[in-house]
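A.B. asks: Sharing data.txt below, compact mmCIF, C-alpha atoms:
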# COMPACT_ATOMS: atom_id res chain seq x y z
CA MET A 1 7.67 -85.09 -94.35
CA LEU A 2 7.80 -81.33 -94.94
CA ASP A 3 9.39 -81.82 -98.36
CA LEU A 4 6.62 -84.23 -99.28
CA GLU A 5 3.97 -81.73 -98.13
CA ARG A 6 5.56 -78.98 -100.23
CA GLN A 7 5.72 -81.27 -103.24
CA LEU A 8 2.07 -82.24 -102.82
CA SER A 9 1.07 -78.60 -102.57
CA GLU A 10 2.92 -77.75 -105.76
CA ASP A 11 1.67 -80.84 -107.58
CA SER A 12 -1.95 -80.17 -106.64
CA ARG A 13 -1.83 -76.93 -108.65
CA THR A 14 -0.62 -78.61 -111.84
CA LEU A 15 -2.13 -82.10 -111.54
CA ASP A 16 -3.67 -83.32 -114.79
CA LEU A 17 -6.93 -84.85 -113.58
CA TYR A 18 -7.39 -86.56 -116.95
CA ASN A 19 -4.11 -88.47 -116.63
CA GLN A 20 -4.85 -91.55 -114.51
CA SER A 21 -1.21 -92.41 -113.87
CA ALA A 22 -0.52 -88.85 -112.65
CA VAL A 23 -3.55 -89.00 -110.34
CA ASN A 24 -2.46 -92.42 -109.03
CA ALA A 25 1.07 -91.17 -108.36
CA TYR A 26 -0.28 -88.11 -106.55
CA ASN A 27 -2.61 -90.27 -104.45
CA GLN A 28 0.31 -92.54 -103.53
CA ARG A 29 2.26 -89.51 -102.29
CA VAL A 30 -0.78 -88.37 -100.29
CA ASP A 31 -1.04 -91.82 -98.72
CA GLU A 32 2.69 -91.76 -97.89
CA GLN A 33 2.35 -88.33 -96.26
CA ARG A 34 -0.60 -89.55 -94.18
CA ARG A 35 1.33 -92.64 -93.13
CA LEU A 36 4.35 -90.59 -92.08
CA SER A 37 2.16 -88.13 -90.19
CA SER A 38 0.34 -90.91 -88.36
CA GLN A 39 3.61 -92.61 -87.51
CA PHE A 40 5.03 -89.35 -86.16
CA ASN A 41 1.92 -88.70 -84.09
CA HIS A 42 2.00 -92.22 -82.69
CA ASP A 43 5.74 -92.36 -81.99
CA CYS A 44 6.68 -88.79 -81.15
CA ALA A 45 3.89 -86.29 -80.57
CA GLY A 46 3.14 -85.67 -76.94
CA LYS A 47 6.18 -87.54 -75.65
CA SER A 48 8.14 -84.39 -74.82
CA SER A 49 5.01 -82.81 -73.35
CA GLU A 50 4.60 -85.72 -70.98
CA SER A 51 8.26 -85.53 -69.96
CA ALA A 52 7.96 -81.79 -69.35
CA ARG A 53 4.83 -82.30 -67.27
CA ARG A 54 6.54 -84.91 -65.09
CA ALA A 55 9.59 -82.69 -64.63
CA ALA A 56 7.43 -79.69 -63.67
CA GLU A 57 5.45 -81.84 -61.27
CA ALA A 58 8.64 -83.12 -59.62
CA LEU A 59 9.95 -79.57 -59.31
CA ASN A 60 6.69 -78.36 -57.79
CA ASN A 61 6.71 -81.26 -55.32
CA SER A 62 10.28 -80.50 -54.28
CA GLN A 63 9.41 -76.80 -53.81
CA GLN A 64 6.42 -77.70 -51.63
CA ALA A 65 8.54 -80.00 -49.49
CA ARG A 66 10.79 -77.10 -48.44
How would this structure read if it were set down as structure tokens?
C.D. replies:
Amino acid sequence: MLDLERQLSEDSRTLDLYNQSAVNAYNQRVDEQRRLSSQFNHDCAGKSSESARRAAEALNNSQQAR
């Protein structure tokens, strides 16, 4: 995903707005980056945070029980 973002950043500087096929190809890469980002956010983001929260909560509970 990072490689695609770098490529999009570079391509945006040199994109020929008068070349429809170049614009279409760029837009397809933008759509792919959005899809990958959404998939990551849905599948991965926040999962480790939730695990860490549960672990900290369990540790706090065990400390209070002493």
A.B. asks: Within 12 Å of Ala25 in chain A, counting all atoms listed in the file, which residues show up once you throw out same-chain ones fewer than 3 positions away? Write them as a list in words, please.
C.D. replies: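 Those residues are Leu8, Asp11, Ser12, Leu15, Asp16, Leu17, Asn19, Gln20, Ser21, Ala22, Gln28, Arg29, Val30, Asp31 and Glu32 of chain A.
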A.B. asks: Using all atoms listed in the file, determine which residues lie at most 12 Å from Leu36 in chain A, disregarding the query and same-chain residues fewer than 5 positions distant; provide the list as a PDB file with C-alpha atoms, in the frame of the given file.
C.D. replies:
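Output contents, as saved in part-v6.pdb:
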ATOM      1  CA  MET A   1       7.670 -85.090 -94.350  1.00  0.00           C
ATOM      2  CA  LEU A   2       7.800 -81.330 -94.940  1.00  0.00           C
ATOM      3  CA  ASP A   3       9.390 -81.820 -98.360  1.00  0.00           C
ATOM      4  CA  LEU A   4       6.620 -84.230 -99.280  1.00  0.00           C
ATOM      5  CA  GLU A   5       3.970 -81.730 -98.130  1.00  0.00           C
ATOM      6  CA  ARG A  29       2.260 -89.510-102.290  1.00  0.00           C
ATOM      7  CA  VAL A  30      -0.780 -88.370-100.290  1.00  0.00           C
ATOM      8  CA  ASP A  31      -1.040 -91.820 -98.720  1.00  0.00           C
ATOM      9  CA  ASN A  41       1.920 -88.700 -84.090  1.00  0.00           C
ATOM     10  CA  HIS A  42       2.000 -92.220 -82.690  1.00  0.00           C
ATOM     11  CA  ASP A  43       5.740 -92.360 -81.990  1.00  0.00           C
ATOM     12  CA  CYS A  44       6.680 -88.790 -81.150  1.00  0.00           C
TER      13      CYS A  44
END
A.B. asks: As AutoDock Vina command-line options, what would the box around range 11-20 of chain A look like: edges along x, y and z, 8 Å added on every side, centre and edge lengths in Å to one decimal?
C.D. replies:
--center_x -2.9 --center_y -84.2 --center_z -111.8 --size_x 25.1 --size_y 30.6 --size_z 26.3
A.B. asks: Just give me the gap between CA of Ser9 in chain A and CA of Val23 in chain A in Å, one decimal is fine.
C.D. replies: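 Calculated distance between CA of Ser9 in chain A and CA of Val23 in chain A is 13.8 Å.
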A.B. asks: For the atom pair CA of Ser62 in chain A and CA of Ser49 in chain A, what is the interatomic distance in Å to one decimal place?
C.D. replies: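 Computed distance, CA of Ser62 in chain A to CA of Ser49 in chain A, equals 19.9 Å.
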A.B. asks: Between A:Ala58, A:Gln33, A:Tyr26, A:Ser48, which residue has the minimum interatomic distance to Arg13 in chain A, considering all atoms listed in the file?
C.D. replies: A:Tyr26
